[in-house]
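Have a look at the structure below, then the notes.
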Amino acid sequence: MLRNMVSSLIEHQRIETTVPRAKELRRLAEQVVTHAKEGGPRGYVKAAAVVRGEGNVHKLMTEMADRYKERAGGYTRILRTRIRESDNAPMCYIEYIDREGELRDSRPPKVFAVASSRTAASMAFEGAMAERLSAKKKQAATHMEE
């Protein structure tokens with residue numbers, strides 16, 4: 001069932017399903033994109049083992065691998081929509097992000113600052129602790145000499 005859903009998700013870029021199924025589908029759909037980004041014969045074989053249809057595999061390896069080459073995970077989004085009337089199951093859309101026709105714009109990938117996380121206060125504290133340690137070492141050395 002999940003293989004069919006991943007193939008449909010690649011083909012249509014968005015499908016409606018129940019929330020528990022979407023949560024399981026997300027894991028497999030993101031793994032497949034990661035294999036496609038890996039490229040080469042190994043990535044192709046791993047992706048083709050899950051995705052049904054040569055057209056879907058080709059779309060995954062070319063279009064989607066290029067689309068997500070800069071993104072480190074988080075390729076899908078789950079949007080809760082309604083409660084199904086027949087059995088009260090929570091329904092949602094699961095879709096790939098960064099594409100045309102999205103239901104909601106995706107956030108840009110997080111950019112991590114290169115600057116040091118050490119503040120002036122933490123550096124002063126580390127300096128004071130180093131001085132205490134060196135003083136204790138000197139005291140221990142003089143005690144050993146006696």
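Going through the structure tokens in order, the chains are called A, B, and so on, while each chain numbers its residues from 1 and the ligands are numbered from 1 in the order shown.
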
Exercise for the section: Among the residues of chain A, find those DSSP assigns to alpha helix (DSSP H) from the backbone and print them as a ChimeraX atom specification. Expected result: /A:2-12,19-38,40-48,54-59,65-67,120-145

Practice task
Would you list the contacts of segment 43-50 of chain A as an MDAnalysis selection string, taking every protein, DNA or RNA residue within 12 Å and counting only C-alpha atoms, but skipping same-chain residues closer than 6 positions in sequence?
Solution key: chainID A and resid 1:8 10 25 28:37 56:62 65

Exercise for the section: Measuring atom to atom with only C-alpha atoms, identify which of A:Arg52, A:Arg27, A:Arg77, A:Arg99 is nearest to Met64 of chain A. Expected result: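 So, comparing all the options, the nearest one is A:Arg99.
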
Problem - For atom CA of Pro20 of chain A and atom CA of Leu79 of chain A, the interatomic separation in Å (one decimal) - result: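 Interatomic distance, atom CA of Pro20 of chain A to atom CA of Leu79 of chain A: 12.4 Å.
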
Spatial neighbours of Ile78 of chain A, 12 Å, only C-alpha atoms, chain gap at least 3 places, as a short mmCIF file (atom, residue, chain, number, x, y, z; two decimals) with N, CA and C atoms, in the first residue's frame:
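The resulting result_12.cif:
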```cif
data_model
loop_
_atom_site.label_atom_id
_atom_site.label_comp_id
_atom_site.auth_asym_id
_atom_site.auth_seq_id
_atom_site.Cartn_x
_atom_site.Cartn_y
_atom_site.Cartn_z
N ARG A 14 0.70 15.71 -4.71
CA ARG A 14 -0.16 15.91 -3.55
C ARG A 14 -1.26 14.86 -3.57
N ILE A 15 -1.52 14.21 -2.44
CA ILE A 15 -2.62 13.26 -2.35
C ILE A 15 -3.35 13.48 -1.03
N GLU A 16 -4.60 13.06 -0.99
CA GLU A 16 -5.39 13.15 0.24
C GLU A 16 -5.49 11.76 0.83
N THR A 17 -5.24 11.65 2.12
CA THR A 17 -5.29 10.38 2.81
C THR A 17 -5.56 10.63 4.29
N THR A 18 -5.60 9.58 5.07
CA THR A 18 -5.81 9.75 6.51
C THR A 18 -4.50 10.17 7.17
N VAL A 19 -4.59 10.78 8.32
CA VAL A 19 -3.41 11.29 9.01
C VAL A 19 -2.43 10.17 9.39
N PRO A 20 -2.87 9.04 9.97
CA PRO A 20 -1.89 7.99 10.29
C PRO A 20 -1.16 7.44 9.06
N ARG A 21 -1.87 7.30 7.96
CA ARG A 21 -1.22 6.83 6.74
C ARG A 21 -0.22 7.87 6.23
N ALA A 22 -0.59 9.13 6.31
CA ALA A 22 0.30 10.20 5.84
C ALA A 22 1.58 10.24 6.66
N LYS A 23 1.47 10.00 7.96
CA LYS A 23 2.66 10.01 8.80
C LYS A 23 3.61 8.87 8.45
N GLU A 24 3.07 7.71 8.13
CA GLU A 24 3.91 6.59 7.70
C GLU A 24 4.46 6.84 6.29
N LEU A 25 3.62 7.41 5.45
CA LEU A 25 4.03 7.70 4.07
C LEU A 25 5.15 8.72 4.03
N ARG A 26 5.12 9.69 4.94
CA ARG A 26 6.15 10.72 4.98
C ARG A 26 7.54 10.11 5.14
N ARG A 27 7.67 9.13 6.02
CA ARG A 27 8.98 8.49 6.24
C ARG A 27 9.52 7.89 4.95
N GLY A 74 13.09 17.16 5.16
CA GLY A 74 11.86 17.93 5.24
C GLY A 74 11.27 18.23 3.88
N TYR A 75 11.12 17.20 3.05
CA TYR A 75 10.65 17.39 1.68
C TYR A 75 9.13 17.36 1.57
N THR A 81 -7.12 18.49 6.92
CA THR A 81 -8.20 19.14 6.18
C THR A 81 -9.56 18.98 6.84
N PRO A 90 -9.62 11.31 10.64
CA PRO A 90 -9.03 12.61 10.30
C PRO A 90 -8.31 12.52 8.96
N MET A 91 -8.64 13.44 8.06
CA MET A 91 -8.07 13.43 6.72
C MET A 91 -7.06 14.57 6.58
N CYS A 92 -6.15 14.41 5.62
CA CYS A 92 -5.14 15.45 5.39
C CYS A 92 -4.63 15.33 3.97
N TYR A 93 -3.94 16.39 3.55
CA TYR A 93 -3.17 16.36 2.32
C TYR A 93 -1.72 16.15 2.70
N ILE A 94 -1.03 15.31 1.95
CA ILE A 94 0.43 15.23 2.05
C ILE A 94 0.95 15.66 0.70
N GLU A 95 1.92 16.56 0.72
CA GLU A 95 2.44 17.09 -0.53
C GLU A 95 3.93 17.33 -0.43
N TYR A 96 4.57 17.33 -1.58
CA TYR A 96 5.98 17.72 -1.65
C TYR A 96 6.04 19.25 -1.64
N ILE A 97 7.05 19.80 -1.00
CA ILE A 97 7.17 21.25 -0.91
C ILE A 97 8.06 21.78 -2.03
N GLU A 102 1.48 24.91 -4.66
CA GLU A 102 1.44 24.48 -3.27
C GLU A 102 0.23 25.07 -2.56
N LEU A 103 -0.26 24.35 -1.56
CA LEU A 103 -1.37 24.88 -0.77
C LEU A 103 -0.89 26.00 0.15
N ARG A 104 0.35 25.89 0.61
CA ARG A 104 0.95 26.91 1.48
C ARG A 104 2.42 27.02 1.12
N SER A 106 6.34 27.21 1.40
CA SER A 106 7.25 26.57 2.35
C SER A 106 8.19 27.60 2.94
#
```
